[in-house]
$ cat start-v7.csv   # CSV, C-alpha atoms
chain,number,residue,atom,x,y,z
D,17,MET,CA,126.7,-100.2,-87.7
D,18,ALA,CA,127.8,-97.9,-85.0
D,19,SER,CA,129.5,-99.6,-82.0
D,20,HIS,CA,128.2,-98.8,-78.6
D,21,VAL,CA,131.1,-100.5,-76.8
D,22,GLU,CA,133.2,-98.1,-74.9
D,23,PRO,CA,136.7,-97.9,-76.4
D,24,LEU,CA,139.3,-100.0,-74.5
D,25,GLU,CA,141.5,-97.0,-73.9
D,26,SER,CA,138.7,-95.1,-72.2
D,27,ARG,CA,137.8,-98.0,-70.0
D,28,LEU,CA,141.5,-98.5,-68.9
D,29,PHE,CA,141.8,-94.8,-68.3
D,30,ARG,CA,138.7,-94.7,-66.1
D,31,GLN,CA,139.8,-97.7,-64.3
D,32,SER,CA,143.1,-96.1,-63.5
D,33,TRP,CA,141.2,-93.8,-61.1
D,34,ASP,CA,139.4,-96.6,-59.3
D,35,ASP,CA,141.9,-96.6,-56.4
D,36,GLY,CA,140.1,-93.8,-54.7
D,37,LEU,CA,143.2,-91.6,-54.0
D,38,LEU,CA,141.8,-88.8,-56.1
D,39,ASP,CA,138.5,-88.9,-54.2
D,40,VAL,CA,140.4,-88.7,-50.9
D,41,PHE,CA,142.3,-85.7,-52.1
D,42,ALA,CA,139.0,-84.1,-53.3
D,43,GLY,CA,137.4,-84.7,-50.0
D,44,VAL,CA,140.3,-83.4,-48.0
D,45,GLY,CA,140.4,-80.3,-50.2
D,46,VAL,CA,136.7,-79.5,-49.8
D,47,VAL,CA,136.8,-80.1,-46.0
D,48,GLY,CA,140.0,-78.1,-45.8
D,49,ILE,CA,138.4,-75.1,-47.6
D,50,GLY,CA,135.4,-75.4,-45.3
D,51,LEU,CA,137.6,-75.5,-42.2
D,52,PHE,CA,139.5,-72.4,-43.2
D,53,TRP,CA,136.1,-70.8,-43.7
D,54,THR,CA,135.0,-71.8,-40.2
D,55,PHE,CA,137.9,-69.8,-38.8
D,56,ASP,CA,137.2,-66.9,-41.1
D,57,LEU,CA,140.3,-67.5,-43.1
D,58,VAL,CA,138.4,-67.6,-46.3
D,59,ALA,CA,141.3,-66.5,-48.5
D,60,LEU,CA,143.5,-69.3,-47.2
D,61,GLY,CA,141.0,-71.8,-48.6
D,62,ALA,CA,142.4,-71.0,-52.0
D,63,VAL,CA,145.7,-72.5,-51.1
D,64,VAL,CA,144.3,-75.8,-49.9
D,65,PRO,CA,144.6,-77.4,-53.4
D,66,ALA,CA,148.2,-76.1,-53.6
D,67,LEU,CA,149.0,-77.6,-50.2
D,68,LEU,CA,147.8,-81.0,-51.3
D,69,VAL,CA,149.7,-81.1,-54.6
D,70,PRO,CA,153.1,-82.1,-53.1
D,71,PHE,CA,151.5,-85.2,-51.5
D,72,TRP,CA,150.0,-86.5,-54.7
D,73,ASN,CA,153.0,-88.2,-56.3
D,74,PRO,CA,154.6,-89.6,-53.2
D,75,LEU,CA,151.3,-91.2,-52.1
D,76,ARG,CA,150.6,-92.5,-55.5
D,77,ARG,CA,154.1,-94.0,-55.7
D,78,ALA,CA,153.7,-95.6,-52.3
D,79,LEU,CA,150.2,-96.9,-52.4
D,80,VAL,CA,149.0,-97.2,-56.0
D,81,LEU,CA,151.9,-98.0,-58.3
D,82,PRO,CA,153.2,-101.1,-56.4
D,83,ARG,CA,149.7,-102.6,-56.6
D,84,ALA,CA,148.2,-101.3,-59.9
D,85,GLY,CA,151.4,-101.0,-61.8
D,86,LEU,CA,152.7,-98.2,-64.0
D,87,VAL,CA,150.7,-97.1,-67.1
D,88,GLU,CA,151.1,-94.2,-69.4
D,89,PHE,CA,148.4,-93.2,-71.8
D,90,SER,CA,148.7,-91.6,-75.2
D,91,ASP,CA,150.1,-88.1,-75.7
D,92,ALA,CA,146.7,-87.0,-76.7
D,93,ARG,CA,145.2,-88.3,-73.4
D,94,SER,CA,148.0,-86.7,-71.4
D,95,GLY,CA,147.5,-83.4,-73.2
D,96,HIS,CA,143.8,-83.5,-72.5
D,97,ASN,CA,144.4,-84.2,-68.8
D,98,ARG,CA,146.9,-81.3,-68.6
D,99,ARG,CA,144.5,-78.9,-70.2
D,100,LEU,CA,141.7,-80.1,-67.9
D,101,LEU,CA,143.9,-79.7,-64.8
D,102,ILE,CA,145.1,-76.2,-65.8
D,103,GLY,CA,141.6,-75.2,-66.9
D,104,SER,CA,140.1,-76.5,-63.6
D,105,GLY,CA,142.7,-74.6,-61.6
D,106,TRP,CA,142.1,-71.3,-63.3
D,107,LEU,CA,138.3,-71.8,-63.2
D,108,GLY,CA,138.5,-72.7,-59.5
D,109,LEU,CA,140.5,-69.6,-58.7
D,110,PHE,CA,138.3,-67.4,-60.8
D,111,MET,CA,135.1,-68.7,-59.2
D,112,PHE,CA,136.7,-68.5,-55.7
D,113,ALA,CA,137.7,-64.8,-56.3
D,114,LEU,CA,134.3,-64.1,-57.8
D,115,PHE,CA,132.5,-65.6,-54.8
D,116,VAL,CA,134.7,-64.0,-52.1
D,117,THR,CA,134.3,-60.6,-53.7
D,118,SER,CA,130.5,-61.0,-53.9
D,119,TYR,CA,130.3,-62.5,-50.4
D,120,PHE,CA,132.0,-59.5,-48.8
D,121,LEU,CA,130.5,-56.9,-51.0
D,122,VAL,CA,127.0,-58.1,-50.8
D,123,THR,CA,124.7,-55.5,-49.1
D,124,PRO,CA,121.1,-55.6,-48.2
D,125,ASP,CA,120.3,-53.4,-51.2
D,126,ALA,CA,121.8,-56.0,-53.5
D,127,GLY,CA,118.4,-57.4,-54.1
D,128,PRO,CA,116.3,-59.9,-52.1
D,129,LEU,CA,117.7,-63.1,-53.7
D,130,LEU,CA,121.5,-62.8,-53.5
D,131,PRO,CA,121.8,-62.5,-49.6
D,132,LEU,CA,119.5,-65.5,-49.4
D,133,VAL,CA,121.4,-67.8,-51.7
D,134,ILE,CA,125.0,-66.6,-51.1
D,135,ALA,CA,125.7,-69.1,-48.4
D,136,GLY,CA,125.1,-72.1,-50.7
D,137,VAL,CA,127.1,-70.7,-53.6
D,138,PRO,CA,130.6,-72.0,-52.5
D,139,ALA,CA,129.5,-75.6,-52.3
D,140,VAL,CA,127.7,-75.3,-55.6
D,141,LEU,CA,130.9,-73.9,-57.2
D,142,LEU,CA,132.9,-76.7,-55.8
D,143,GLY,CA,130.2,-79.0,-57.2
D,144,LEU,CA,130.7,-77.5,-60.6
D,145,LEU,CA,134.5,-78.2,-60.3
D,146,ALA,CA,133.6,-81.8,-59.4
D,147,ALA,CA,131.3,-82.1,-62.4
D,148,LEU,CA,134.1,-80.8,-64.6
D,149,ALA,CA,136.5,-83.4,-63.3
D,150,GLY,CA,133.8,-86.1,-63.7
D,151,LEU,CA,133.2,-85.2,-67.3
D,152,GLY,CA,136.8,-84.6,-68.1
D,153,LEU,CA,138.1,-87.9,-66.6
D,154,GLY,CA,135.0,-89.9,-67.4
D,155,LEU,CA,134.2,-90.6,-63.8
D,156,PRO,CA,130.5,-90.8,-63.1
D,157,ARG,CA,131.0,-90.8,-59.3
D,158,PHE,CA,132.4,-87.3,-59.5
D,159,LEU,CA,129.1,-86.2,-61.1
D,160,GLY,CA,127.5,-87.7,-58.0
D,161,TYR,CA,129.8,-85.7,-55.8
D,162,ALA,CA,128.8,-82.6,-57.8
D,163,GLY,CA,125.2,-83.4,-57.1
D,164,LEU,CA,125.9,-84.0,-53.4
D,165,LEU,CA,127.7,-80.6,-53.0
D,166,CYS,CA,124.9,-78.8,-54.8
D,167,VAL,CA,122.4,-80.5,-52.4
D,168,CYS,CA,124.5,-79.4,-49.5
D,169,GLY,CA,124.6,-75.9,-50.9
D,170,VAL,CA,120.8,-75.8,-51.2
D,171,GLY,CA,120.6,-77.3,-47.7
D,172,VAL,CA,122.5,-74.5,-46.0
D,173,VAL,CA,120.4,-71.9,-47.8
D,174,LEU,CA,117.2,-73.6,-46.6
D,175,ALA,CA,118.6,-74.0,-43.1
D,176,ASP,CA,120.0,-70.5,-43.1
D,177,ALA,CA,123.4,-71.9,-42.1
D,178,ARG,CA,126.9,-70.7,-42.8
D,179,PRO,CA,128.6,-71.7,-46.1
D,180,GLU,CA,131.3,-73.9,-44.5
D,181,VAL,CA,128.6,-76.3,-43.2
D,182,ALA,CA,127.8,-77.3,-46.8
D,183,MET,CA,131.5,-77.7,-47.7
D,184,ILE,CA,132.4,-79.7,-44.6
D,185,ALA,CA,129.3,-81.9,-44.9
D,186,GLY,CA,129.8,-82.6,-48.6
D,187,GLY,CA,133.5,-82.9,-48.3
D,188,VAL,CA,133.3,-85.4,-45.4
D,189,LEU,CA,131.0,-87.6,-47.6
D,190,VAL,CA,133.4,-87.4,-50.5
D,191,LEU,CA,136.2,-88.2,-48.2
D,192,LEU,CA,134.4,-91.2,-46.7
D,193,ASN,CA,133.7,-92.6,-50.1
D,194,GLY,CA,137.3,-92.0,-51.2
D,195,THR,CA,138.6,-93.7,-48.1
D,196,TRP,CA,136.3,-96.7,-48.7
D,197,LEU,CA,137.5,-96.9,-52.3
D,198,LEU,CA,141.1,-96.7,-51.3
D,199,GLY,CA,140.7,-99.2,-48.5
D,200,ARG,CA,139.0,-101.6,-50.9
D,201,PHE,CA,141.8,-101.1,-53.5
D,202,LEU,CA,144.5,-101.7,-50.8
D,203,ARG,CA,142.8,-104.9,-49.6
D,204,LEU,CA,142.1,-106.4,-53.1
D,205,GLU,CA,145.3,-105.4,-54.8
D,206,VAL,CA,148.3,-107.1,-53.2
D,207,GLU,CA,151.5,-105.2,-53.5
D,208,ASP,CA,153.9,-106.7,-56.0
D,209,GLY,CA,157.5,-107.0,-54.8
D,210,GLU,CA,159.2,-106.8,-58.1
D,211,ALA,CA,158.2,-105.9,-61.6
D,212,ASN,CA,159.6,-109.0,-63.4
O,23,MET,CA,150.2,-120.7,-120.4
O,24,ALA,CA,151.3,-119.2,-117.1
O,25,SER,CA,148.6,-119.2,-114.5
O,26,THR,CA,147.9,-116.0,-112.5
O,27,ARG,CA,147.6,-116.7,-108.9
O,28,GLN,CA,144.6,-115.1,-107.2
O,29,ALA,CA,144.5,-113.7,-103.8
O,30,PRO,CA,143.0,-116.2,-101.4
O,31,LEU,CA,139.3,-115.6,-100.7
O,32,VAL,CA,139.8,-116.4,-97.1
O,33,PRO,CA,142.4,-113.9,-95.8
O,34,ASP,CA,145.6,-115.1,-94.1
O,35,ILE,CA,145.4,-114.8,-90.4
O,36,ASP,CA,148.7,-114.2,-88.5
O,37,ALA,CA,148.8,-117.3,-86.3
O,38,PHE,CA,151.3,-115.7,-84.0
O,39,LEU,CA,149.0,-112.9,-83.2
O,40,HIS,CA,145.9,-115.1,-83.2
O,41,GLU,CA,147.0,-116.8,-80.0
O,42,LEU,CA,144.6,-115.5,-77.3
O,43,ALA,CA,147.2,-114.5,-74.6
O,44,ARG,CA,149.4,-112.6,-77.1
O,45,LEU,CA,146.4,-110.9,-78.7
O,46,ARG,CA,145.1,-109.7,-75.4
O,47,LEU,CA,148.5,-108.3,-74.5
O,48,LEU,CA,148.9,-106.6,-77.8
O,49,ALA,CA,145.4,-105.1,-77.6
O,50,LEU,CA,146.2,-103.7,-74.2
O,51,LEU,CA,149.5,-102.2,-75.3
O,52,SER,CA,148.0,-100.9,-78.6
O,53,VAL,CA,145.9,-98.3,-76.6
O,54,LEU,CA,148.7,-97.3,-74.2
O,55,LYS,CA,151.9,-95.5,-74.6
O,56,ARG,CA,153.6,-97.9,-72.2
O,57,ALA,CA,152.9,-100.1,-69.2
O,58,ASP,CA,154.9,-102.1,-66.7
O,59,PHE,CA,154.8,-105.8,-65.9
O,60,VAL,CA,152.6,-105.3,-62.8
O,61,TYR,CA,150.0,-103.3,-64.8
O,62,LEU,CA,149.9,-106.0,-67.5
O,63,LEU,CA,149.7,-108.7,-64.9
O,64,ARG,CA,146.7,-107.1,-63.3
O,65,GLN,CA,144.9,-106.3,-66.5
O,66,SER,CA,145.5,-109.6,-68.3
O,67,GLY,CA,144.8,-111.8,-65.3
O,68,PHE,CA,147.7,-114.1,-66.5
O,69,SER,CA,150.1,-115.8,-64.2
O,70,ARG,CA,153.5,-114.2,-63.8
O,71,GLY,CA,155.1,-117.1,-65.7
O,72,ASN,CA,152.7,-117.0,-68.6
O,73,LEU,CA,152.9,-113.2,-68.9
O,74,SER,CA,156.7,-113.3,-68.8
O,75,VAL,CA,156.9,-116.0,-71.5
O,76,GLN,CA,154.4,-114.2,-73.8
O,77,MET,CA,156.1,-110.8,-73.4
O,78,THR,CA,159.4,-112.4,-74.2
O,79,LYS,CA,158.0,-114.0,-77.4
O,80,LEU,CA,156.4,-110.7,-78.4
O,81,ALA,CA,159.7,-108.9,-77.8
O,82,GLU,CA,161.7,-111.6,-79.8
O,83,ALA,CA,159.2,-111.1,-82.7
O,84,GLY,CA,160.0,-107.3,-82.5
O,85,LEU,CA,156.4,-106.5,-81.7
O,86,VAL,CA,157.1,-105.1,-78.3
O,87,ALA,CA,160.0,-103.1,-76.9
O,88,ILE,CA,161.3,-103.8,-73.4
O,89,GLU,CA,162.9,-101.3,-71.1
O,90,LYS,CA,164.3,-102.6,-67.8
O,91,GLY,CA,165.1,-100.3,-65.0
O,92,PHE,CA,164.6,-99.6,-61.3
O,93,ALA,CA,162.0,-97.6,-59.5
O,94,ASP,CA,162.1,-97.0,-55.7
O,95,ASN,CA,164.8,-99.8,-55.4
O,96,ARG,CA,162.5,-102.3,-57.2
O,97,PRO,CA,163.1,-103.7,-60.6
O,98,ARG,CA,160.7,-102.5,-63.2
O,99,THR,CA,160.2,-103.7,-66.7
O,100,VAL,CA,158.2,-101.5,-69.0
O,101,TYR,CA,156.7,-102.5,-72.3
O,102,ALA,CA,155.6,-100.6,-75.3
O,103,LEU,CA,154.2,-101.6,-78.7
O,104,THR,CA,156.7,-101.1,-81.5
O,105,ARG,CA,155.9,-99.7,-84.9
O,106,LYS,CA,156.1,-103.2,-86.3
O,107,GLY,CA,153.8,-104.4,-83.6
O,108,ARG,CA,151.2,-101.7,-84.4
O,109,THR,CA,151.4,-102.5,-88.1
O,110,ALA,CA,151.0,-106.2,-87.5
O,111,LEU,CA,148.0,-105.7,-85.2
O,112,ARG,CA,146.4,-103.4,-87.8
O,113,ALA,CA,146.9,-106.0,-90.5
O,114,TYR,CA,145.5,-108.7,-88.2
O,115,LYS,CA,142.4,-106.5,-87.5
O,116,VAL,CA,141.8,-106.0,-91.3
O,117,SER,CA,142.2,-109.8,-91.9
O,118,MET,CA,139.8,-110.7,-89.1
O,119,THR,CA,137.3,-108.1,-90.1
O,120,THR,CA,137.3,-109.2,-93.7
O,121,LEU,CA,136.9,-112.8,-92.6
O,122,LEU,CA,134.1,-112.2,-90.1
O,123,GLU,CA,132.2,-109.9,-92.4
O,124,ALA,CA,132.3,-112.6,-95.1
O,125,LEU,CA,130.6,-115.1,-92.8
O,126,PRO,CA,126.8,-115.6,-93.0
O,127,ASP,CA,124.7,-114.2,-90.2

$ encode --input "start-v7.csv" --output "structure tokens"
Amino acid sequence: MASHVEPLESRLFRQSWDDGLLDVFAGVGVVGIGLFWTFDLVALGAVVPALLVPFWNPLRRALVLPRAGLVEFSDARSGHNRRLLIGSGWLGLFMFALFVTSYFLVTPDAGPLLPLVIAGVPAVLLGLLAALAGLGLGLPRFLGYAGLLCVCGVGVVLADARPEVAMIAGGVLVLLNGTWLLGRFLRLEVEDGEAN
Amino acid sequence: MASTRQAPLVPDIDAFLHELARLRLLALLSVLKRADFVYLLRQSGFSRGNLSVQMTKLAEAGLVAIEKGFADNRPRTVYALTRKGRTALRAYKVSMTTLLEALPD
């Protein structure tokens, strides 16, 4: 008889992201890209994830590890995460380059559809990255973020607004949820003074 | 005439592993590469004293390896299942599965 119980390792791995720090980083990243876009510094949006990376380990060490403890998963899991991270990075860069190129090269004779939908594409692309993270890490809420960013993308198309509106709106909601998760984690998990 | 001894119909269950607290800790460690005291404390829900006692027993039995150190000026004790621990847990699972499958519905 096939078991429908989620393996213990998968549940523990998923739980290790429940602190909300990743959500906060994702929200800050999306809002950051949107803000650069607002000031017509579109290309600088690509460096936002790189700017956030140095803060990840110190914040995780300061906020998460004293409360949740240290855990290392199997080499297979670590390898999977590394491949996911590298793949997401390259995919993100590729999509960003593709979009920026098409955004600036789009002309009225590019057809009736492209100029109409182009404003919603960045948010949808970021939504695809969120979906990739959600599937790769087994985090359903990231699939929710993906849906949210896609809705925001459609919203700016319908409202004939600029692309950054979708990114900032979607990013703020992701950031708010991440802040709530992190706040809950910090409240519930009392910091442990010593390991043993 | 020498009698040949048959394998017991009811499989032997390792009583040391069958203790609930130790079994939970071994199950946790079996799916992880390593974890520290705080992580096991959170995941097991045990008191610090109970966890410390059980981990010491598991280490004395050679089922768990202990690595003591410091991280950010705080003492940190990290645990990992040993090869012996993994083998013992696998044998326990086989015994329990055999026993439970032999039971009537």

$ residues_around --input "start-v7.csv" --residues "Asp94 (chain O)" --least-positions-apart "3" --cutoff "10 Å" --atoms "all atoms listed in the file" --output "VMD selection string"
(chain D and resid 77 to 78 82) or (chain O and resid 97 to 98)

$ atom_distance --input "start-v7.csv" --atom1 "CA of Leu148 (chain D)" --atom2 "CA of Glu25 (chain D)"
20.1 Å

$ atom_distance --input "start-v7.csv" --atom1 "CA of Lys90 (chain O)" --atom2 "CA of Arg83 (chain D)"
18.4 Å

$ residues_around --input "start-v7.csv" --residues "region 156-162 of chain D" --least-positions-apart "2" --cutoff "7 Å" --atoms "only C-alpha atoms" --output "PyMOL selection string"
chain D and resi 143-144+146-147+149-150+154+164-166+190

$ closest_atom_pairs --input "start-v7.csv" --of "chain D" --to "chain O" --cutoff "6 Å" --atoms "all atoms listed in the file" --output "tab-separated table"
residue	atom	partner	partner_atom	distance
D:Glu25	CA	O:Val53	CA	5.3
D:Ala84	CA	O:Tyr61	CA	5.6
D:Gly85	CA	O:Tyr61	CA	4.0
D:Leu86	CA	O:Asp58	CA	5.2
D:Val87	CA	O:Ala57	CA	4.3
D:Glu88	CA	O:Arg56	CA	5.3
D:Phe89	CA	O:Leu54	CA	4.8
D:Ser90	CA	O:Lys55	CA	5.1
D:Glu210	CA	O:Pro97	CA	5.6
D:Ala211	CA	O:Arg98	CA	4.5

$ atom_distance --input "start-v7.csv" --atom1 "CA of Gly103 (chain D)" --atom2 "CA of Ala59 (chain D)"
20.4 Å

$ closest_residue --input "start-v7.csv" --among "D:Val116, D:Ala177, D:Ile184, D:Val40" --to "Val58 (chain D)" --atoms "only C-alpha atoms"
D:Val116

$ closest_residue --input "start-v7.csv" --among "O:Thr109, O:Ser117, O:Phe38, O:Arg46" --to "Glu82 (chain O)" --atoms "all atoms listed in the file"
O:Phe38

$ residues_around --input "start-v7.csv" --residues "Val116 (chain O)" --least-positions-apart "5" --cutoff "12 Å" --atoms "only C-alpha atoms" --output "PDB file with C-alpha atoms, in the coordinates of the input"
ATOM      1  CA  PRO O  33     142.400-113.900 -95.800  1.00  0.00           C
ATOM      2  CA  ASP O  34     145.600-115.100 -94.100  1.00  0.00           C
ATOM      3  CA  ILE O  35     145.400-114.800 -90.400  1.00  0.00           C
ATOM      4  CA  ASP O  36     148.700-114.200 -88.500  1.00  0.00           C
ATOM      5  CA  THR O 109     151.400-102.500 -88.100  1.00  0.00           C
ATOM      6  CA  ALA O 110     151.000-106.200 -87.500  1.00  0.00           C
ATOM      7  CA  LEU O 111     148.000-105.700 -85.200  1.00  0.00           C
ATOM      8  CA  LEU O 121     136.900-112.800 -92.600  1.00  0.00           C
ATOM      9  CA  LEU O 122     134.100-112.200 -90.100  1.00  0.00           C
ATOM     10  CA  GLU O 123     132.200-109.900 -92.400  1.00  0.00           C
TER      11      GLU O 123
END

$ closest_residue --input "start-v7.csv" --among "D:Arg99, D:Arg203, D:Arg178, D:Arg76" --to "Ser32 (chain D)" --atoms "all atoms listed in the file"
D:Arg76

$ closest_residue --input "start-v7.csv" --among "O:Leu80, O:Val75, O:Val86, O:Ala37" --to "Tyr114 (chain O)" --atoms "all atoms listed in the file"
O:Ala37

$ closest_residue --input "start-v7.csv" --among "D:Leu75, D:Val80, D:Val63, D:Leu68" --to "Phe41 (chain D)" --atoms "all atoms listed in the file"
D:Leu68

$ build_atoms --input "start-v7.csv" --residues "region 80-93 of chain O" --atoms "N, CA and C atoms" --output "short mmCIF file (atom, residue, chain, number, x, y, z; two decimals), in the frame of the given file"
data_model
loop_
_atom_site.label_atom_id
_atom_site.label_comp_id
_atom_site.auth_asym_id
_atom_site.auth_seq_id
_atom_site.Cartn_x
_atom_site.Cartn_y
_atom_site.Cartn_z
N LEU O 80 156.81 -111.90 -77.65
CA LEU O 80 156.40 -110.70 -78.40
C LEU O 80 157.64 -109.81 -78.66
N ALA O 81 158.51 -109.74 -77.67
CA ALA O 81 159.70 -108.90 -77.80
C ALA O 81 160.65 -109.55 -78.86
N GLU O 82 160.79 -110.87 -78.81
CA GLU O 82 161.70 -111.60 -79.80
C GLU O 82 161.14 -111.38 -81.21
N ALA O 83 159.83 -111.27 -81.34
CA ALA O 83 159.20 -111.10 -82.70
C ALA O 83 159.32 -109.59 -83.10
N GLY O 84 159.81 -108.76 -82.21
CA GLY O 84 160.00 -107.30 -82.50
C GLY O 84 158.68 -106.55 -82.44
N LEU O 85 157.67 -107.14 -81.83
CA LEU O 85 156.40 -106.50 -81.70
C LEU O 85 156.28 -105.56 -80.50
N VAL O 86 157.11 -105.87 -79.53
CA VAL O 86 157.10 -105.10 -78.30
C VAL O 86 158.50 -104.75 -77.87
N ALA O 87 158.64 -103.53 -77.37
CA ALA O 87 160.00 -103.10 -76.90
C ALA O 87 159.98 -103.19 -75.36
N ILE O 88 161.12 -103.63 -74.84
CA ILE O 88 161.30 -103.80 -73.40
C ILE O 88 162.28 -102.81 -72.85
N GLU O 89 161.93 -102.23 -71.72
CA GLU O 89 162.90 -101.30 -71.10
C GLU O 89 162.96 -101.71 -69.61
N LYS O 90 164.14 -102.17 -69.22
CA LYS O 90 164.30 -102.60 -67.80
C LYS O 90 165.01 -101.53 -67.02
N GLY O 91 164.55 -101.37 -65.81
CA GLY O 91 165.10 -100.30 -65.00
C GLY O 91 164.73 -100.56 -63.51
N PHE O 92 164.96 -99.55 -62.70
CA PHE O 92 164.60 -99.60 -61.30
C PHE O 92 163.73 -98.43 -60.92
N ALA O 93 162.79 -98.65 -60.01
CA ALA O 93 162.00 -97.60 -59.50
C ALA O 93 161.80 -97.82 -57.99
#
